[in-house]
Amino acid sequence: MFRLNTLVPELSVSDINKSLNFYLNILSFKLEYQRPEDKFAMLSLNDCQIMIEEINGYWQTGELSYPFGRGINFQITVSDINELYKSLRNHQYPIKMEIQENWYRADTKLRGQKEFLIMDPDGYLLRFVQSLGERENEGVPVVGD
């Protein structure tokens with residue numbers, strides 16, 4: 001049974017069909033349900049959920065211009081980052097930040113992740129990550145220190 005997360009971002013998109021193709025066929029999101037008459041879709045990838053809806057003026061709080069979502073990036077945890085990266089490369093999709101390993105300090109621990117960044121067709125910044133686990137901070141170069 002489909003369970004809705006307690007926080008689900010809804011992205012306004014310029015072309016619902018272009019976005020559906022991107023999320024379903026390139027990124028392998030699952031279509032949970034849609035309302036074609038509203039140009040709306042509910043999508044999931046593992047435990048991540050997003051809603052997309054073609055711009056209709058209803059949710060708009062200001063002028064939308066590319067890139068949408070300025071100032072936010074969505075971190076999406078995946079189990080096989082290499083497979084997703086390969087799919088993007090096979091589709092010749094532009095990569096904003098190549099795949100790399102980063103360690104982030106969380107109090108006295110370090111949390112590692114393999115990650116890369118892309119922008120969706122409307123310019124929303126998507127950061128795909130795969131966990132590398134946690135370890136003690138022993139002078140390792142850390143992002144954000």
# chains A, B, ... in the order shown; residues from 1 in each chain; ligands from 1

call {"tool": "select_by_dssp", "arguments": {"residues": "stretch 2-102 of chain A", "states": "strand (DSSP E)", "output": "PyMOL selection string"}}
result
chain A and resi 10-13+30-35+40-45+48-54+73-77+97-102

call {"tool": "residues_around", "arguments": {"residues": "A:Lys96", "least_positions_apart": "4", "cutoff": "12 Å", "atoms": "only C-alpha atoms", "output": "ChimeraX atom specification"}}
result
/A:85,88,100,115-120,123-128

call {"tool": "residues_around", "arguments": {"residues": "A:Val8", "least_positions_apart": "5", "cutoff": "9 Å", "atoms": "only C-alpha atoms", "output": "VMD selection string"}}
result
chain A and resid 48 to 51

call {"tool": "write_last_selection", "arguments": {"atoms": "N, CA and C atoms", "output": "PDB file, in the first residue's frame"}}
result
ATOM      1  N   CYS A  48      12.015   8.249  -1.216  1.00  0.00           N
ATOM      2  CA  CYS A  48      11.876   9.658  -1.595  1.00  0.00           C
ATOM      3  C   CYS A  48      10.614   9.836  -2.427  1.00  0.00           C
ATOM      4  N   GLN A  49       9.921  10.927  -2.185  1.00  0.00           N
ATOM      5  CA  GLN A  49       8.698  11.231  -2.927  1.00  0.00           C
ATOM      6  C   GLN A  49       8.722  12.690  -3.375  1.00  0.00           C
ATOM      7  N   ILE A  50       8.227  12.927  -4.582  1.00  0.00           N
ATOM      8  CA  ILE A  50       7.997  14.283  -5.063  1.00  0.00           C
ATOM      9  C   ILE A  50       6.705  14.297  -5.863  1.00  0.00           C
ATOM     10  N   MET A  51       6.099  15.452  -5.893  1.00  0.00           N
ATOM     11  CA  MET A  51       4.952  15.681  -6.756  1.00  0.00           C
ATOM     12  C   MET A  51       5.401  16.683  -7.810  1.00  0.00           C
TER      13      MET A  51
END

call {"tool": "residues_around", "arguments": {"residues": "A:Leu27", "least_positions_apart": "2", "cutoff": "10 Å", "atoms": "only C-alpha atoms", "output": "number ranges by chain"}}
result
A: 20-25, 29-30, 45, 83-85, 87-88

call {"tool": "atom_distance", "arguments": {"atom1": "atom CA of A:Lys114", "atom2": "atom CA of A:Lys86"}}
result
14.2 Å

call {"tool": "residues_around", "arguments": {"residues": "A:Ile55", "least_positions_apart": "3", "cutoff": "7 Å", "atoms": "only C-alpha atoms", "output": "ChimeraX atom specification"}}
result
/A:12-14

call {"tool": "write_last_selection", "arguments": {"atoms": "N, CA and C atoms", "output": "PDB file, in the first residue's frame"}}
result
ATOM      1  N   SER A  12       6.720  22.839  -9.403  1.00  0.00           N
ATOM      2  CA  SER A  12       6.039  23.381 -10.585  1.00  0.00           C
ATOM      3  C   SER A  12       6.962  23.174 -11.769  1.00  0.00           C
ATOM      4  N   VAL A  13       6.441  22.580 -12.838  1.00  0.00           N
ATOM      5  CA  VAL A  13       7.255  22.284 -14.013  1.00  0.00           C
ATOM      6  C   VAL A  13       6.649  22.947 -15.246  1.00  0.00           C
ATOM      7  N   SER A  14       7.487  23.234 -16.225  1.00  0.00           N
ATOM      8  CA  SER A  14       7.017  23.927 -17.420  1.00  0.00           C
ATOM      9  C   SER A  14       6.310  22.994 -18.401  1.00  0.00           C
TER      10      SER A  14
END

call {"tool": "closest_residue", "arguments": {"among": "A:Asn137, A:Asn17, A:Thr77, A:Gln130", "to": "A:Asp107", "atoms": "only C-alpha atoms"}}
result
A:Asn137

call {"tool": "atom_distance", "arguments": {"atom1": "atom CA of A:Ile16", "atom2": "atom CA of A:Val78"}}
result
23.8 Å

call {"tool": "select_by_dssp", "arguments": {"residues": "stretch 4-131 of chain A", "states": "alpha helix (DSSP H)", "output": "PyMOL selection string"}}
result
chain A and resi 16-20+81-90

call {"tool": "residues_around", "arguments": {"residues": "A:Glu37", "least_positions_apart": "4", "cutoff": "12 Å", "atoms": "only C-alpha atoms", "output": "PyMOL selection string"}}
result
chain A and resi 16+41+53-54+56
